[in-house]
Amino acid sequence: MSAPDDVPEIVRSSLALSLQRGFITSTRHETGRLLAALAASRTGTLAELGTGTGVGSAWLSSGAPKGAHIVSAELDSALAEDVQKLFADVDNVEIVAGDWTSLEQHAPFSLLFVDVREVMESIDVLADLLEPGGIAVLDDFAPSTSWPPIVDGMVDTVREQWLTDERFVAVEMLIAPDASLLIATRR
């Protein structure tokens, strides 16, 4: 996987770590550019649940204004250490070794990027982590053109819950022919 010239250097470095660590997938460029654009409109604390090799955090960092703080949690402590080294010279990013609940102490978040499907099921907990007007970006959905959303012959209850929860104004966004994500703003 090669990174185009218009990809920020920190994103390139995180993609190189992905290759080195054998990650087959990471945050898509389409999603990353959206994260950077959304981060540019945020202040306060932004978070990523599921650091991986730091690609999502790199995109967030590339767009975040000065003074915004980005915190991300990675369950694999050895991987978290590698990503901490990657961001050693980036002042606004903190990588925490631990599960996603280790980020609760940093809440409320103005932007929350969730790339872990099991965590998305915890809508009540995630809602409480967002400040009013805070945005949750939920990644890695297969596009669905029906209602209720059907994937692999079954109702996608996670997507349905986020799109209908009264605490949020939410939309599904197609980012590529084979990928969509949800954007949910806390009322």
# chains A, B, ... in the order shown; residues from 1 in each chain; ligands from 1
$ select_by_dssp --residues "segment 8-177 of chain A" --states "alpha helix (DSSP H)" --output "JSON, numbers by chain"
{"A": [9, 10, 11, 12, 13, 14, 15, 16, 17, 18, 19, 20, 21, 29, 30, 31, 32, 33, 34, 35, 36, 37, 38, 39, 55, 56, 57, 58, 59, 60, 61, 62, 63, 77, 78, 79, 80, 81, 82, 83, 84, 85, 86, 117, 118, 119, 120, 123, 124, 125, 126, 127, 128, 129, 157, 158, 159, 160, 161, 162, 163, 164]}
$ residues_around --residues "Ser14 of chain A" --least-positions-apart "3" --cutoff "9 Å" --atoms "only C-alpha atoms" --output "PDB file with C-alpha atoms, in the first residue's frame"
ATOM      1  CA  GLU A   9       3.267  12.846   6.872  1.00  0.00           C
ATOM      2  CA  ILE A  10       1.941  11.515  10.195  1.00  0.00           C
ATOM      3  CA  VAL A  11      -0.666   9.503   8.272  1.00  0.00           C
ATOM      4  CA  LEU A  17       3.520   0.996  10.815  1.00  0.00           C
ATOM      5  CA  SER A  18       0.385  -0.799   9.575  1.00  0.00           C
ATOM      6  CA  LEU A  19       2.421  -2.575   6.917  1.00  0.00           C
ATOM      7  CA  THR A  53      -1.607   1.584  14.288  1.00  0.00           C
ATOM      8  CA  GLY A  54      -2.814   5.145  14.760  1.00  0.00           C
ATOM      9  CA  VAL A  55      -4.116   5.928  11.267  1.00  0.00           C
ATOM     10  CA  GLY A  56      -7.389   7.407  12.576  1.00  0.00           C
ATOM     11  CA  ALA A  58      -3.153  10.685  12.555  1.00  0.00           C
ATOM     12  CA  VAL A  83       2.046   4.020  18.280  1.00  0.00           C
ATOM     13  CA  LEU A  86       5.041   7.259  16.333  1.00  0.00           C
TER      14      LEU A  86
END
$ residues_around --residues "Ile175 of chain A" --least-positions-apart "6" --cutoff "8 Å" --atoms "only C-alpha atoms" --output "list in words"
Glu30, Thr31 and Leu181 of chain A
$ write_last_selection --atoms "C-alpha atoms" --output "short mmCIF file (atom, residue, chain, number, x, y, z; two decimals), in the first residue's frame"
data_model
loop_
_atom_site.label_atom_id
_atom_site.label_comp_id
_atom_site.auth_asym_id
_atom_site.auth_seq_id
_atom_site.Cartn_x
_atom_site.Cartn_y
_atom_site.Cartn_z
CA GLU A 30 -11.99 8.75 2.42
CA THR A 31 -12.81 8.28 6.09
CA LEU A 181 -20.16 5.16 8.06
#
$ closest_atom_pairs --of "segment 97-179 of chain A" --to "segment 64-78 of chain A" --cutoff "10 Å" --atoms "only C-alpha atoms" --output "CSV"
residue,atom,partner,partner_atom,distance
A:Ala97,CA,A:Glu74,CA,5.2
A:Gly98,CA,A:Leu75,CA,4.5
A:Asp99,CA,A:Leu75,CA,4.8
A:Trp100,CA,A:Ala73,CA,5.6
A:Thr101,CA,A:Ala73,CA,8.4
A:Ser102,CA,A:Ala73,CA,7.0
A:Leu103,CA,A:Ala73,CA,6.7
A:His106,CA,A:Val71,CA,7.8
A:Ala107,CA,A:Val71,CA,9.9
A:Phe109,CA,A:Ile70,CA,9.4
A:Ser110,CA,A:Ala68,CA,9.6
A:Leu111,CA,A:Ile70,CA,9.2
A:Leu112,CA,A:Ile70,CA,9.6
A:Phe113,CA,A:Ser72,CA,9.2
$ write_last_selection --atoms "N, CA and C atoms" --output "CSV table (one decimal), in the first residue's frame"
chain,number,residue,atom,x,y,z
A,97,ALA,N,-2.6,2.9,26.6
A,97,ALA,CA,-2.6,1.4,26.6
A,97,ALA,C,-3.8,1.0,27.5
A,98,GLY,N,-4.8,0.4,26.9
A,98,GLY,CA,-5.9,-0.1,27.7
A,98,GLY,C,-7.1,-0.2,26.8
A,99,ASP,N,-8.2,-0.7,27.4
A,99,ASP,CA,-9.4,-0.9,26.6
A,99,ASP,C,-10.1,0.5,26.5
A,100,TRP,N,-11.2,0.5,25.7
A,100,TRP,CA,-11.8,1.8,25.4
A,100,TRP,C,-12.4,2.5,26.6
A,101,THR,N,-12.7,1.8,27.7
A,101,THR,CA,-13.2,2.4,28.9
A,101,THR,C,-12.2,3.3,29.6
A,102,SER,N,-10.9,3.1,29.3
A,102,SER,CA,-9.8,3.9,29.9
A,102,SER,C,-9.9,5.3,29.4
A,103,LEU,N,-10.7,5.6,28.4
A,103,LEU,CA,-10.8,7.0,27.9
A,103,LEU,C,-11.9,7.7,28.6
A,106,HIS,N,-11.3,11.0,30.2
A,106,HIS,CA,-10.9,12.2,29.4
A,106,HIS,C,-12.2,12.9,28.8
A,107,ALA,N,-13.4,12.3,29.0
A,107,ALA,CA,-14.6,12.8,28.5
A,107,ALA,C,-15.0,14.1,29.2
A,109,PHE,N,-16.2,14.4,25.1
A,109,PHE,CA,-15.5,14.5,23.8
A,109,PHE,C,-16.4,15.4,22.9
A,110,SER,N,-15.7,16.2,22.1
A,110,SER,CA,-16.3,17.0,21.0
A,110,SER,C,-16.4,16.2,19.8
A,111,LEU,N,-15.6,15.2,19.6
A,111,LEU,CA,-15.6,14.3,18.4
A,111,LEU,C,-15.1,12.9,18.9
A,112,LEU,N,-15.8,11.9,18.5
A,112,LEU,CA,-15.5,10.5,19.0
A,112,LEU,C,-15.5,9.6,17.7
A,113,PHE,N,-14.4,9.1,17.4
A,113,PHE,CA,-14.3,8.1,16.3
A,113,PHE,C,-14.2,6.7,16.8
$ closest_atom_pairs --of "segment 29-64 of chain A" --to "segment 116-127 of chain A" --cutoff "12 Å" --atoms "only C-alpha atoms" --output "Markdown table"
| residue | atom | partner | partner_atom | distance |
| --- | --- | --- | --- | --- |
| A:Ala47 | CA | A:Leu126 | CA | 11.3 |
| A:Glu48 | CA | A:Val116 | CA | 9.7 |
| A:Leu49 | CA | A:Val116 | CA | 6.9 |
| A:Gly50 | CA | A:Val116 | CA | 6.0 |
| A:Thr51 | CA | A:Val116 | CA | 9.6 |
| A:Gly52 | CA | A:Val116 | CA | 10.2 |
$ residues_around --residues "Asp165 of chain A" --least-positions-apart "4" --cutoff "10 Å" --atoms "only C-alpha atoms" --output "list in words"
Ile123, Asp124, Glu160, Gln161, Val169, Ala170, Ala184 and Arg186 of chain A
$ atom_distance --atom1 "atom CA of Arg28 of chain A" --atom2 "atom CA of Thr185 of chain A"
21.6 Å
$ residues_around --residues "Trp59 of chain A" --least-positions-apart "6" --cutoff "8 Å" --atoms "only C-alpha atoms" --output "PDB file with C-alpha atoms, in the first residue's frame"
ATOM      1  CA  PRO A   8      -0.110  14.131   5.718  1.00  0.00           C
ATOM      2  CA  ILE A  10       1.941  11.515  10.195  1.00  0.00           C
ATOM      3  CA  VAL A  11      -0.666   9.503   8.272  1.00  0.00           C
ATOM      4  CA  GLY A  32      -9.550   9.902   7.143  1.00  0.00           C
ATOM      5  CA  ARG A  33     -10.179  13.019   5.108  1.00  0.00           C
ATOM      6  CA  LEU A  35     -12.162  12.876  10.110  1.00  0.00           C
ATOM      7  CA  ALA A  36      -9.644  15.637   9.405  1.00  0.00           C
TER       8      ALA A  36
END
$ atom_distance --atom1 "atom CA of Leu138 of chain A" --atom2 "atom CA of Trp162 of chain A"
9.4 Å
$ residues_around --residues "Glu172 of chain A" --least-positions-apart "5" --cutoff "9 Å" --atoms "only C-alpha atoms" --output "list of chain:residue names"
A:Pro143, A:Arg159, A:Leu163, A:Ser180, A:Leu181, A:Leu182, A:Ile183, A:Ala184
$ write_last_selection --atoms "N, CA and C atoms" --output "compact mmCIF listing (two decimals), in the first residue's frame"
# COMPACT_ATOMS: atom_id res chain seq x y z
N PRO A 143 -22.68 -0.82 3.06
CA PRO A 143 -23.84 -0.01 2.63
C PRO A 143 -25.13 -0.83 2.63
N ARG A 159 -26.76 -0.20 13.59
CA ARG A 159 -27.02 0.94 12.70
C ARG A 159 -28.42 1.50 12.95
N LEU A 163 -29.34 5.35 14.19
CA LEU A 163 -30.10 6.23 13.28
C LEU A 163 -31.45 6.66 13.84
N SER A 180 -19.65 2.39 4.12
CA SER A 180 -20.37 3.55 4.65
C SER A 180 -20.00 3.73 6.11
N LEU A 181 -20.37 4.88 6.64
CA LEU A 181 -20.16 5.16 8.06
C LEU A 181 -21.35 5.95 8.56
N LEU A 182 -21.45 6.09 9.85
CA LEU A 182 -22.52 6.88 10.46
C LEU A 182 -21.90 8.11 11.11
N ILE A 183 -22.60 9.22 10.98
CA ILE A 183 -22.23 10.43 11.71
C ILE A 183 -23.44 10.77 12.57
N ALA A 184 -23.23 10.88 13.88
CA ALA A 184 -24.29 11.15 14.82
C ALA A 184 -23.89 12.33 15.71
$ residues_around --residues "Pro148 of chain A" --least-positions-apart "6" --cutoff "9 Å" --atoms "only C-alpha atoms" --output "PyMOL selection string"
chain A and resi 155-157+160
$ write_last_selection --atoms "N, CA and C atoms" --output "PDB file, in the first residue's frame"
ATOM      1  N   VAL A 155     -31.221  -7.781   9.980  1.00  0.00           N
ATOM      2  CA  VAL A 155     -31.317  -6.374  10.337  1.00  0.00           C
ATOM      3  C   VAL A 155     -30.058  -5.970  11.101  1.00  0.00           C
ATOM      4  N   ASP A 156     -29.449  -4.882  10.657  1.00  0.00           N
ATOM      5  CA  ASP A 156     -28.277  -4.342  11.348  1.00  0.00           C
ATOM      6  C   ASP A 156     -28.801  -3.496  12.504  1.00  0.00           C
ATOM      7  N   THR A 157     -28.942  -4.113  13.663  1.00  0.00           N
ATOM      8  CA  THR A 157     -29.561  -3.448  14.807  1.00  0.00           C
ATOM      9  C   THR A 157     -28.708  -2.312  15.361  1.00  0.00           C
ATOM     10  N   GLU A 160     -29.398   0.613  13.037  1.00  0.00           N
ATOM     11  CA  GLU A 160     -30.779   1.041  13.254  1.00  0.00           C
ATOM     12  C   GLU A 160     -30.897   1.839  14.561  1.00  0.00           C
TER      13      GLU A 160
END
$ select_by_dssp --residues "chain A" --states "strand (DSSP E or B)" --output "PyMOL selection string"
chain A and resi 45-49+69-74+93-97+109-114+130-141+150-151+154-155+168-176+179-186
$ closest_residue --among "A:Val90, A:Ala37, A:Val137, A:Leu79" --to "Phe168 of chain A" --atoms "only C-alpha atoms"
A:Val137
$ closest_residue --among "A:Leu60, A:Asp128, A:Arg12, A:Asp152" --to "Gln105 of chain A" --atoms "only C-alpha atoms"
A:Asp128
